[in-house]
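One file, coords-v8.txt, carrying compact mmCIF, C-alpha atoms:
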```
# COMPACT_ATOMS: atom_id res chain seq x y z
CA ASP Q 1 0.00 0.00 0.00
CA SER Q 2 1.57 3.27 -1.19
CA GLY Q 3 -0.51 5.46 1.11
CA VAL Q 4 -2.05 7.28 -1.86
CA THR Q 5 -5.78 6.81 -2.26
CA GLN Q 6 -7.88 7.35 -5.34
CA THR Q 7 -11.63 7.27 -5.71
CA PRO Q 8 -13.56 5.89 -7.40
CA LYS Q 9 -11.77 2.74 -8.52
CA HIS Q 10 -13.98 2.34 -11.55
CA LEU Q 11 -16.15 4.79 -13.40
CA ILE Q 12 -18.41 4.11 -16.36
CA THR Q 13 -20.06 7.02 -18.07
CA ALA Q 14 -21.35 8.21 -21.42
CA THR Q 15 -19.86 10.50 -24.03
CA GLY Q 16 -20.44 14.16 -23.34
CA GLN Q 17 -20.58 13.70 -19.58
CA ARG Q 18 -18.39 15.20 -16.89
CA VAL Q 19 -16.62 13.28 -14.11
CA THR Q 20 -14.41 14.09 -11.15
CA LEU Q 21 -11.57 11.89 -9.98
CA ARG Q 22 -10.25 12.32 -6.48
CA CYS Q 23 -6.79 11.74 -5.02
CA SER Q 24 -5.48 11.92 -1.46
CA PRO Q 25 -1.68 12.02 -1.23
CA ARG Q 26 0.47 10.26 1.32
CA SER Q 27 0.58 11.95 4.70
CA GLY Q 28 3.17 14.73 4.56
CA ASP Q 29 3.49 14.83 0.77
CA LEU Q 30 2.87 18.23 -0.79
CA SER Q 31 3.03 17.30 -4.47
CA VAL Q 32 0.36 15.59 -6.52
CA TYR Q 33 0.86 14.42 -10.09
CA TRP Q 34 -1.83 13.20 -12.48
CA TYR Q 35 -1.16 10.72 -15.28
CA GLN Q 36 -3.24 9.11 -17.98
CA GLN Q 37 -2.49 5.59 -19.20
CA SER Q 38 -4.44 4.23 -22.15
CA LEU Q 39 -4.60 0.48 -22.73
CA ASP Q 40 -1.11 -1.02 -23.04
CA GLN Q 41 0.42 2.42 -23.40
CA GLY Q 42 2.93 4.39 -21.40
CA LEU Q 43 2.26 7.09 -18.88
CA GLN Q 44 1.11 10.45 -20.16
CA PHE Q 45 1.87 13.23 -17.69
CA LEU Q 46 -1.08 15.58 -17.28
CA ILE Q 47 -0.39 18.06 -14.49
CA HIS Q 48 1.53 18.62 -11.25
CA TYR Q 49 0.40 20.57 -8.20
CA TYR Q 50 2.55 21.52 -5.26
CA ASN Q 51 0.99 22.83 -2.07
CA GLY Q 52 -2.04 24.11 -3.93
CA GLU Q 53 -0.21 25.69 -6.87
CA GLU Q 54 0.18 24.37 -10.38
CA ARG Q 55 3.85 23.60 -11.07
CA ALA Q 56 3.92 21.84 -14.41
CA LYS Q 57 1.51 21.04 -17.15
CA GLY Q 58 1.86 18.24 -19.65
CA ASN Q 59 -0.34 17.24 -22.53
CA ILE Q 60 -3.55 17.99 -20.71
CA LEU Q 61 -6.58 18.68 -22.85
CA GLU Q 62 -8.53 21.90 -22.38
CA ARG Q 63 -11.54 19.76 -21.44
CA PHE Q 64 -9.56 18.55 -18.42
CA SER Q 65 -8.79 20.60 -15.34
CA ALA Q 66 -7.39 19.94 -11.91
CA GLN Q 67 -6.91 21.58 -8.57
CA GLN Q 68 -5.33 20.89 -5.22
CA PHE Q 69 -7.19 21.91 -2.12
CA PRO Q 70 -5.87 23.31 1.19
CA ASP Q 71 -6.02 19.84 2.76
CA LEU Q 72 -3.76 18.75 -0.17
CA HIS Q 73 -6.19 16.37 -1.79
CA SER Q 74 -6.57 16.87 -5.52
CA GLU Q 75 -9.34 16.49 -8.04
CA LEU Q 76 -9.12 15.93 -11.77
CA ASN Q 77 -12.17 17.09 -13.70
CA LEU Q 78 -12.84 15.63 -17.12
CA SER Q 79 -15.64 17.16 -19.18
CA SER Q 80 -17.28 16.63 -22.58
CA LEU Q 81 -15.98 13.09 -22.41
CA GLU Q 82 -15.06 11.24 -25.58
CA LEU Q 83 -14.52 7.55 -26.23
CA GLY Q 84 -10.78 8.19 -26.41
CA ASP Q 85 -10.72 9.43 -22.84
CA SER Q 86 -11.23 5.85 -21.64
CA ALA Q 87 -8.06 5.08 -19.69
CA LEU Q 88 -6.52 4.43 -16.32
CA TYR Q 89 -5.90 7.67 -14.47
CA PHE Q 90 -3.16 7.63 -11.87
CA CYS Q 91 -2.38 10.06 -9.17
CA ALA Q 92 1.04 10.08 -7.54
CA SER Q 93 2.42 12.06 -4.63
CA SER Q 94 5.88 13.07 -3.51
CA ALA Q 95 7.39 15.03 -0.66
CA THR Q 96 8.55 18.13 -2.53
CA ALA Q 97 8.08 19.80 -5.91
CA ALA Q 98 11.30 18.53 -7.43
CA SER Q 99 11.12 15.50 -9.68
CA TYR Q 100 14.11 13.79 -8.11
CA ASN Q 101 11.86 12.54 -5.31
CA GLU Q 102 10.27 9.13 -5.49
CA GLN Q 103 6.68 9.31 -6.62
CA PHE Q 104 4.20 7.09 -4.81
CA PHE Q 105 1.34 5.99 -6.98
CA GLY Q 106 -2.27 5.37 -6.13
CA PRO Q 107 -4.12 2.32 -7.48
CA GLY Q 108 -5.67 4.35 -10.29
CA THR Q 109 -9.19 5.10 -11.46
CA ARG Q 110 -10.33 3.15 -14.49
CA LEU Q 111 -12.56 5.35 -16.61
CA THR Q 112 -14.72 3.81 -19.31
CA VAL Q 113 -16.58 6.12 -21.65
CA LEU Q 114 -19.37 4.44 -23.61
CA ALA K 1 14.30 18.69 -24.74
CA GLN K 2 14.74 16.01 -22.15
CA THR K 3 14.05 12.51 -23.39
CA VAL K 4 14.07 8.93 -22.15
CA THR K 5 14.21 6.09 -24.66
CA GLN K 6 13.49 2.42 -24.07
CA SER K 7 14.30 0.61 -27.27
CA GLN K 8 12.92 -2.80 -26.32
CA PRO K 9 9.10 -2.85 -26.45
CA GLU K 10 8.94 -6.46 -25.22
CA MET K 11 11.27 -9.11 -23.86
CA SER K 12 10.81 -12.61 -22.55
CA VAL K 13 13.14 -14.91 -20.65
CA GLN K 14 12.95 -18.18 -18.79
CA GLU K 15 12.53 -18.19 -15.05
CA ALA K 16 15.85 -18.00 -13.15
CA GLU K 17 17.64 -16.35 -16.08
CA THR K 18 19.20 -12.91 -15.95
CA VAL K 19 17.71 -10.17 -18.10
CA THR K 20 18.82 -6.63 -18.87
CA LEU K 21 16.46 -3.85 -19.87
CA SER K 22 17.91 -0.88 -21.74
CA CYS K 23 17.30 2.81 -21.22
CA THR K 24 19.01 5.87 -22.67
CA TYR K 25 18.30 9.42 -21.68
CA ASP K 26 19.14 13.00 -22.44
CA THR K 27 18.92 15.77 -19.89
CA SER K 28 20.11 19.33 -19.43
CA GLU K 29 20.26 18.96 -15.67
CA ASN K 30 23.61 18.79 -13.93
CA ASN K 31 22.27 16.90 -10.98
CA TYR K 32 19.60 14.43 -11.87
CA TYR K 33 18.14 11.14 -10.81
CA LEU K 34 17.14 8.08 -12.78
CA PHE K 35 14.42 5.65 -11.88
CA TRP K 36 13.05 2.27 -12.83
CA TYR K 37 9.40 1.70 -12.04
CA LYS K 38 7.57 -1.59 -12.37
CA GLN K 39 3.92 -2.04 -13.32
CA PRO K 40 2.74 -5.64 -12.82
CA PRO K 41 -0.57 -6.92 -14.24
CA SER K 42 -2.32 -5.40 -11.22
CA ARG K 43 -1.36 -2.02 -12.81
CA GLN K 44 0.04 -0.68 -9.51
CA MET K 45 3.17 1.39 -10.18
CA ILE K 46 6.07 0.55 -7.87
CA LEU K 47 9.55 2.02 -7.65
CA VAL K 48 12.18 -0.63 -8.30
CA ILE K 49 15.40 1.33 -8.01
CA ARG K 50 16.75 4.88 -8.06
CA GLN K 51 20.18 6.18 -9.07
CA GLU K 52 21.64 9.57 -8.26
CA ALA K 53 23.70 10.83 -11.17
CA TYR K 54 26.53 12.20 -9.07
CA LYS K 55 27.10 8.80 -7.46
CA GLN K 56 29.45 6.61 -9.42
CA GLN K 57 28.47 3.45 -7.63
CA ASN K 58 25.65 1.57 -9.32
CA ALA K 59 22.50 1.17 -7.24
CA THR K 60 21.37 -2.31 -6.22
CA GLU K 61 18.21 -3.61 -4.57
CA ASN K 62 18.35 -7.35 -3.95
CA ARG K 63 18.08 -9.03 -7.36
CA PHE K 64 17.81 -5.69 -9.17
CA SER K 65 20.85 -3.65 -10.15
CA VAL K 66 21.62 -0.92 -12.62
CA ASN K 67 24.48 -0.27 -15.00
CA PHE K 68 24.77 3.51 -15.05
CA GLN K 69 27.04 4.84 -17.79
CA LYS K 70 26.93 8.60 -17.38
CA ALA K 71 29.03 9.54 -20.40
CA ALA K 72 26.96 7.30 -22.64
CA LYS K 73 23.72 8.46 -20.97
CA SER K 74 22.72 4.88 -20.46
CA PHE K 75 20.85 3.41 -17.50
CA SER K 76 20.09 -0.28 -17.86
CA LEU K 77 18.31 -2.50 -15.34
CA LYS K 78 19.57 -6.00 -14.64
CA ILE K 79 17.29 -8.54 -13.02
CA SER K 80 19.09 -11.60 -11.72
CA ASP K 81 17.48 -14.96 -11.01
CA SER K 82 14.25 -13.76 -12.60
CA GLN K 83 10.99 -14.87 -11.03
CA LEU K 84 7.46 -15.20 -12.37
CA GLY K 85 6.49 -12.22 -10.22
CA ASP K 86 8.88 -10.04 -12.20
CA THR K 87 6.49 -10.18 -15.16
CA ALA K 88 5.51 -6.55 -15.63
CA MET K 89 5.92 -3.38 -17.63
CA TYR K 90 9.12 -1.60 -16.68
CA PHE K 91 9.41 2.15 -17.10
CA CYS K 92 12.60 4.15 -17.01
CA ALA K 93 12.34 7.81 -15.93
CA SER K 94 14.56 10.83 -15.43
CA GLY K 95 14.05 13.60 -12.87
CA GLY K 96 15.84 16.54 -11.34
CA SER K 97 15.10 20.01 -10.09
CA ASN K 98 12.31 20.47 -12.60
CA TYR K 99 8.74 19.66 -11.81
CA GLN K 100 7.99 16.59 -13.87
CA LEU K 101 9.53 13.20 -14.49
CA ILE K 102 10.38 12.33 -18.07
CA TRP K 103 9.19 8.80 -18.81
CA GLY K 104 10.21 6.18 -21.31
CA ALA K 105 7.62 4.23 -23.29
CA GLY K 106 8.14 1.08 -21.26
CA THR K 107 9.38 -2.47 -21.81
CA LYS K 108 7.02 -5.38 -21.34
CA LEU K 109 8.91 -8.19 -19.61
CA ILE K 110 7.52 -11.71 -19.59
CA ILE K 111 9.07 -14.37 -17.38
CA LYS K 112 8.27 -17.83 -18.67
CA PRO K 113 8.05 -20.85 -16.34
```
Transcribe the structure of this file into structure tokens.
Amino acid sequence: DSGVTQTPKHLITATGQRVTLRCSPRSGDLSVYWYQQSLDQGLQFLIHYYNGEERAKGNILERFSAQQFPDLHSELNLSSLELGDSALYFCASSATAASYNEQFFGPGTRLTVL
Amino acid sequence: AQTVTQSQPEMSVQEAETVTLSCTYDTSENNYYLFWYKQPPSRQMILVIRQEAYKQQNATENRFSVNFQKAAKSFSLKISDSQLGDTAMYFCASGGSNYQLIWGAGTKLIIKP
């Protein structure tokens, strides 16, 4: 158990809908990273928050947004969903903002868009 | 641009054999770190090993060791006495003072009984 929690574990929804994925980092970690992993593909970095502030943005679509709250949990909002958004979404946390720290991954949320 | 390249999409070996996964990288950082993460069929991402670039000694963790060639920008992972539980996707990554890890595309490793 990495100490990172993600809810829900599975999500099935229809095209055009909006969903929110939630992540709670390990106790004491200030950074949260979001990744997208399509079937049998590598990790696509989406966005990084550190202590409530956005620190880096990857190939995140405009339909996607994220935020980190004062209690350090983070939410990833996906709107106007398309079939291609079906993927495993990971959240990871680390102690500081620098990428030389180990990232601890949650179990992921599997999103299926029908 | 910083890049990480894993040139072997898939490998398979017999149980108990030794296998080496390749990774090359390019970074503008002076002080950086390199990582190998494992993703078994459960899809949980787990850190296997981490190497600090300024350390000449290669990192080892039990049956896992790295061959870090700084000048060649190469960071390979050696798994000795491979076990069925080593079957997984293995991702190489590079990090430093910037705010995101740079990931390779992954190598799918299959250990055959």
Query - Selection: 12 Å around Q:Arg110, all atoms listed in the file, excl. self and same-chain fewer than 6 positions, as a list in words - result: Gln6, Thr7, Pro8, Lys9, His10, Leu11, Ile12, Thr13, Val19, Leu21, Tyr35, Gln36, Gln37, Ser38, Leu39, Asp85, Ser86, Ala87, Leu88, Tyr89, Phe90 and Cys91 of chain Q; Arg43 of chain K
Query raised in the report: In terms of the shortest atom-to-atom distance over only C-alpha atoms, which of K:Ala53, K:Met89, K:Ile79, K:Met45 is closest to chain Q?
Result: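 Closest to chain Q of all the choices is K:Met45.
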**Report entry** Nearest candidate to K:Lys78 (options K:Thr107, K:Ser65, K:Gln14, K:Thr24; using only C-alpha atoms)
**Finding:** K:Ser65
Can you work out which residues from chain K touch chain Q at a cut-off of 12 Å (counting only C-alpha atoms) and hand them back as a PDB file with C-alpha atoms, in the coordinates of the input?
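Saved to out01.pdb:
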```
ATOM      1  CA  THR K   5      14.210   6.090 -24.660  1.00  0.00           C
ATOM      2  CA  GLN K   6      13.490   2.420 -24.070  1.00  0.00           C
ATOM      3  CA  PRO K   9       9.100  -2.850 -26.450  1.00  0.00           C
ATOM      4  CA  GLU K  10       8.940  -6.460 -25.220  1.00  0.00           C
ATOM      5  CA  GLU K  29      20.260  18.960 -15.670  1.00  0.00           C
ATOM      6  CA  ASN K  31      22.270  16.900 -10.980  1.00  0.00           C
ATOM      7  CA  TYR K  32      19.600  14.430 -11.870  1.00  0.00           C
ATOM      8  CA  TYR K  33      18.140  11.140 -10.810  1.00  0.00           C
ATOM      9  CA  LEU K  34      17.140   8.080 -12.780  1.00  0.00           C
ATOM     10  CA  PHE K  35      14.420   5.650 -11.880  1.00  0.00           C
ATOM     11  CA  TRP K  36      13.050   2.270 -12.830  1.00  0.00           C
ATOM     12  CA  TYR K  37       9.400   1.700 -12.040  1.00  0.00           C
ATOM     13  CA  LYS K  38       7.570  -1.590 -12.370  1.00  0.00           C
ATOM     14  CA  GLN K  39       3.920  -2.040 -13.320  1.00  0.00           C
ATOM     15  CA  PRO K  40       2.740  -5.640 -12.820  1.00  0.00           C
ATOM     16  CA  PRO K  41      -0.570  -6.920 -14.240  1.00  0.00           C
ATOM     17  CA  SER K  42      -2.320  -5.400 -11.220  1.00  0.00           C
ATOM     18  CA  ARG K  43      -1.360  -2.020 -12.810  1.00  0.00           C
ATOM     19  CA  GLN K  44       0.040  -0.680  -9.510  1.00  0.00           C
ATOM     20  CA  MET K  45       3.170   1.390 -10.180  1.00  0.00           C
ATOM     21  CA  ILE K  46       6.070   0.550  -7.870  1.00  0.00           C
ATOM     22  CA  LEU K  47       9.550   2.020  -7.650  1.00  0.00           C
ATOM     23  CA  VAL K  48      12.180  -0.630  -8.300  1.00  0.00           C
ATOM     24  CA  ILE K  49      15.400   1.330  -8.010  1.00  0.00           C
ATOM     25  CA  ARG K  50      16.750   4.880  -8.060  1.00  0.00           C
ATOM     26  CA  GLN K  51      20.180   6.180  -9.070  1.00  0.00           C
ATOM     27  CA  GLU K  52      21.640   9.570  -8.260  1.00  0.00           C
ATOM     28  CA  ALA K  53      23.700  10.830 -11.170  1.00  0.00           C
ATOM     29  CA  ALA K  88       5.510  -6.550 -15.630  1.00  0.00           C
ATOM     30  CA  MET K  89       5.920  -3.380 -17.630  1.00  0.00           C
ATOM     31  CA  TYR K  90       9.120  -1.600 -16.680  1.00  0.00           C
ATOM     32  CA  PHE K  91       9.410   2.150 -17.100  1.00  0.00           C
ATOM     33  CA  CYS K  92      12.600   4.150 -17.010  1.00  0.00           C
ATOM     34  CA  ALA K  93      12.340   7.810 -15.930  1.00  0.00           C
ATOM     35  CA  SER K  94      14.560  10.830 -15.430  1.00  0.00           C
ATOM     36  CA  GLY K  95      14.050  13.600 -12.870  1.00  0.00           C
ATOM     37  CA  GLY K  96      15.840  16.540 -11.340  1.00  0.00           C
ATOM     38  CA  SER K  97      15.100  20.010 -10.090  1.00  0.00           C
ATOM     39  CA  ASN K  98      12.310  20.470 -12.600  1.00  0.00           C
ATOM     40  CA  TYR K  99       8.740  19.660 -11.810  1.00  0.00           C
ATOM     41  CA  GLN K 100       7.990  16.590 -13.870  1.00  0.00           C
ATOM     42  CA  LEU K 101       9.530  13.200 -14.490  1.00  0.00           C
ATOM     43  CA  ILE K 102      10.380  12.330 -18.070  1.00  0.00           C
ATOM     44  CA  TRP K 103       9.190   8.800 -18.810  1.00  0.00           C
ATOM     45  CA  GLY K 104      10.210   6.180 -21.310  1.00  0.00           C
ATOM     46  CA  ALA K 105       7.620   4.230 -23.290  1.00  0.00           C
ATOM     47  CA  GLY K 106       8.140   1.080 -21.260  1.00  0.00           C
ATOM     48  CA  THR K 107       9.380  -2.470 -21.810  1.00  0.00           C
ATOM     49  CA  LYS K 108       7.020  -5.380 -21.340  1.00  0.00           C
TER      50      LYS K 108
END
```
Query - Non-local contacts of Q:Ser74 (6 Å; only C-alpha atoms; under 2 positions in same chain excluded) as a PyMOL selection string - result: chain Q and resi 22-23+67-68
Report task. Give the answer as one residue: which of Q:Ile60, Q:Leu83, Q:Ala66, Q:Ala95 has the shortest atom-to-atom distance to Q:Ala14, using all atoms listed in the file? Result ->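 Nearest candidate to Q:Ala14 out of Q:Ile60, Q:Leu83, Q:Ala66, Q:Ala95: Q:Leu83.
Take atom CA of Q:Arg63 and atom CA of Q:Ser79: the distance between them is 5.4 Å.
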Some atoms are missing, so please complete stretch 12-36 of chain K with N, CA, C and O atoms and return it as a tab-separated table (two decimals), in the coordinates of the input.
```tsv
chain	number	residue	atom	x	y	z
K	12	SER	N	11.24	-11.45	-23.34
K	12	SER	CA	10.81	-12.61	-22.55
K	12	SER	C	12.02	-13.48	-22.27
K	12	SER	O	12.89	-13.63	-23.12
K	13	VAL	N	12.05	-14.01	-21.06
K	13	VAL	CA	13.14	-14.91	-20.65
K	13	VAL	C	12.55	-16.03	-19.82
K	13	VAL	O	11.43	-15.93	-19.31
K	14	GLN	N	13.35	-17.07	-19.64
K	14	GLN	CA	12.95	-18.18	-18.79
K	14	GLN	C	13.19	-17.81	-17.33
K	14	GLN	O	14.12	-17.04	-17.01
K	15	GLU	N	12.36	-18.37	-16.49
K	15	GLU	CA	12.53	-18.19	-15.05
K	15	GLU	C	13.96	-18.58	-14.66
K	15	GLU	O	14.53	-19.52	-15.21
K	16	ALA	N	14.51	-17.80	-13.71
K	16	ALA	CA	15.85	-18.00	-13.15
K	16	ALA	C	16.96	-17.42	-14.03
K	16	ALA	O	18.11	-17.33	-13.58
K	17	GLU	N	16.63	-16.99	-15.23
K	17	GLU	CA	17.64	-16.35	-16.08
K	17	GLU	C	17.85	-14.89	-15.65
K	17	GLU	O	17.05	-14.32	-14.91
K	18	THR	N	18.92	-14.32	-16.17
K	18	THR	CA	19.20	-12.91	-15.95
K	18	THR	C	18.79	-12.13	-17.19
K	18	THR	O	19.00	-12.58	-18.32
K	19	VAL	N	18.18	-10.98	-16.96
K	19	VAL	CA	17.71	-10.17	-18.10
K	19	VAL	C	18.11	-8.72	-17.86
K	19	VAL	O	18.14	-8.24	-16.72
K	20	THR	N	18.43	-8.04	-18.95
K	20	THR	CA	18.82	-6.63	-18.87
K	20	THR	C	17.92	-5.79	-19.76
K	20	THR	O	17.76	-6.08	-20.95
K	21	LEU	N	17.32	-4.78	-19.15
K	21	LEU	CA	16.46	-3.85	-19.87
K	21	LEU	C	17.24	-2.55	-20.13
K	21	LEU	O	17.89	-2.03	-19.22
K	22	SER	N	17.12	-2.05	-21.34
K	22	SER	CA	17.91	-0.88	-21.74
K	22	SER	C	17.14	0.42	-21.59
K	22	SER	O	15.92	0.45	-21.76
K	23	CYS	N	17.89	1.47	-21.31
K	23	CYS	CA	17.30	2.81	-21.22
K	23	CYS	C	18.40	3.82	-21.55
K	23	CYS	O	19.51	3.74	-21.01
K	24	THR	N	18.12	4.74	-22.43
K	24	THR	CA	19.01	5.87	-22.67
K	24	THR	C	18.24	7.15	-22.41
K	24	THR	O	17.02	7.18	-22.54
K	25	TYR	N	18.97	8.19	-22.05
K	25	TYR	CA	18.30	9.42	-21.68
K	25	TYR	C	19.10	10.62	-22.15
K	25	TYR	O	20.28	10.50	-22.50
K	26	ASP	N	18.45	11.75	-22.15
K	26	ASP	CA	19.14	13.00	-22.44
K	26	ASP	C	18.55	14.05	-21.52
K	26	ASP	O	17.33	14.18	-21.41
K	27	THR	N	19.39	14.77	-20.82
K	27	THR	CA	18.92	15.77	-19.89
K	27	THR	C	19.86	16.96	-19.87
K	27	THR	O	21.06	16.81	-20.10
K	28	SER	N	19.31	18.12	-19.56
K	28	SER	CA	20.11	19.33	-19.43
K	28	SER	C	20.48	19.59	-17.97
K	28	SER	O	21.22	20.53	-17.67
K	29	GLU	N	19.99	18.78	-17.08
K	29	GLU	CA	20.26	18.96	-15.67
K	29	GLU	C	21.67	18.51	-15.33
K	29	GLU	O	22.17	17.53	-15.90
K	30	ASN	N	22.29	19.21	-14.39
K	30	ASN	CA	23.61	18.79	-13.93
K	30	ASN	C	23.50	17.72	-12.86
K	30	ASN	O	24.30	16.80	-12.78
K	31	ASN	N	22.50	17.89	-12.03
K	31	ASN	CA	22.27	16.90	-10.98
K	31	ASN	C	20.89	16.30	-11.20
K	31	ASN	O	19.88	17.00	-11.08
K	32	TYR	N	20.86	15.05	-11.54
K	32	TYR	CA	19.60	14.43	-11.87
K	32	TYR	C	19.54	13.03	-11.29
K	32	TYR	O	20.54	12.50	-10.79
K	33	TYR	N	18.37	12.47	-11.34
K	33	TYR	CA	18.14	11.14	-10.81
K	33	TYR	C	17.48	10.30	-11.89
K	33	TYR	O	16.70	10.80	-12.71
K	34	LEU	N	17.74	9.01	-11.83
K	34	LEU	CA	17.14	8.08	-12.78
K	34	LEU	C	16.41	7.01	-12.00
K	34	LEU	O	16.83	6.61	-10.91
K	35	PHE	N	15.31	6.57	-12.57
K	35	PHE	CA	14.42	5.65	-11.88
K	35	PHE	C	14.02	4.49	-12.80
K	35	PHE	O	13.92	4.66	-14.01
K	36	TRP	N	13.78	3.36	-12.18
K	36	TRP	CA	13.05	2.27	-12.83
K	36	TRP	C	11.81	1.98	-11.99
K	36	TRP	O	11.91	1.73	-10.79
```
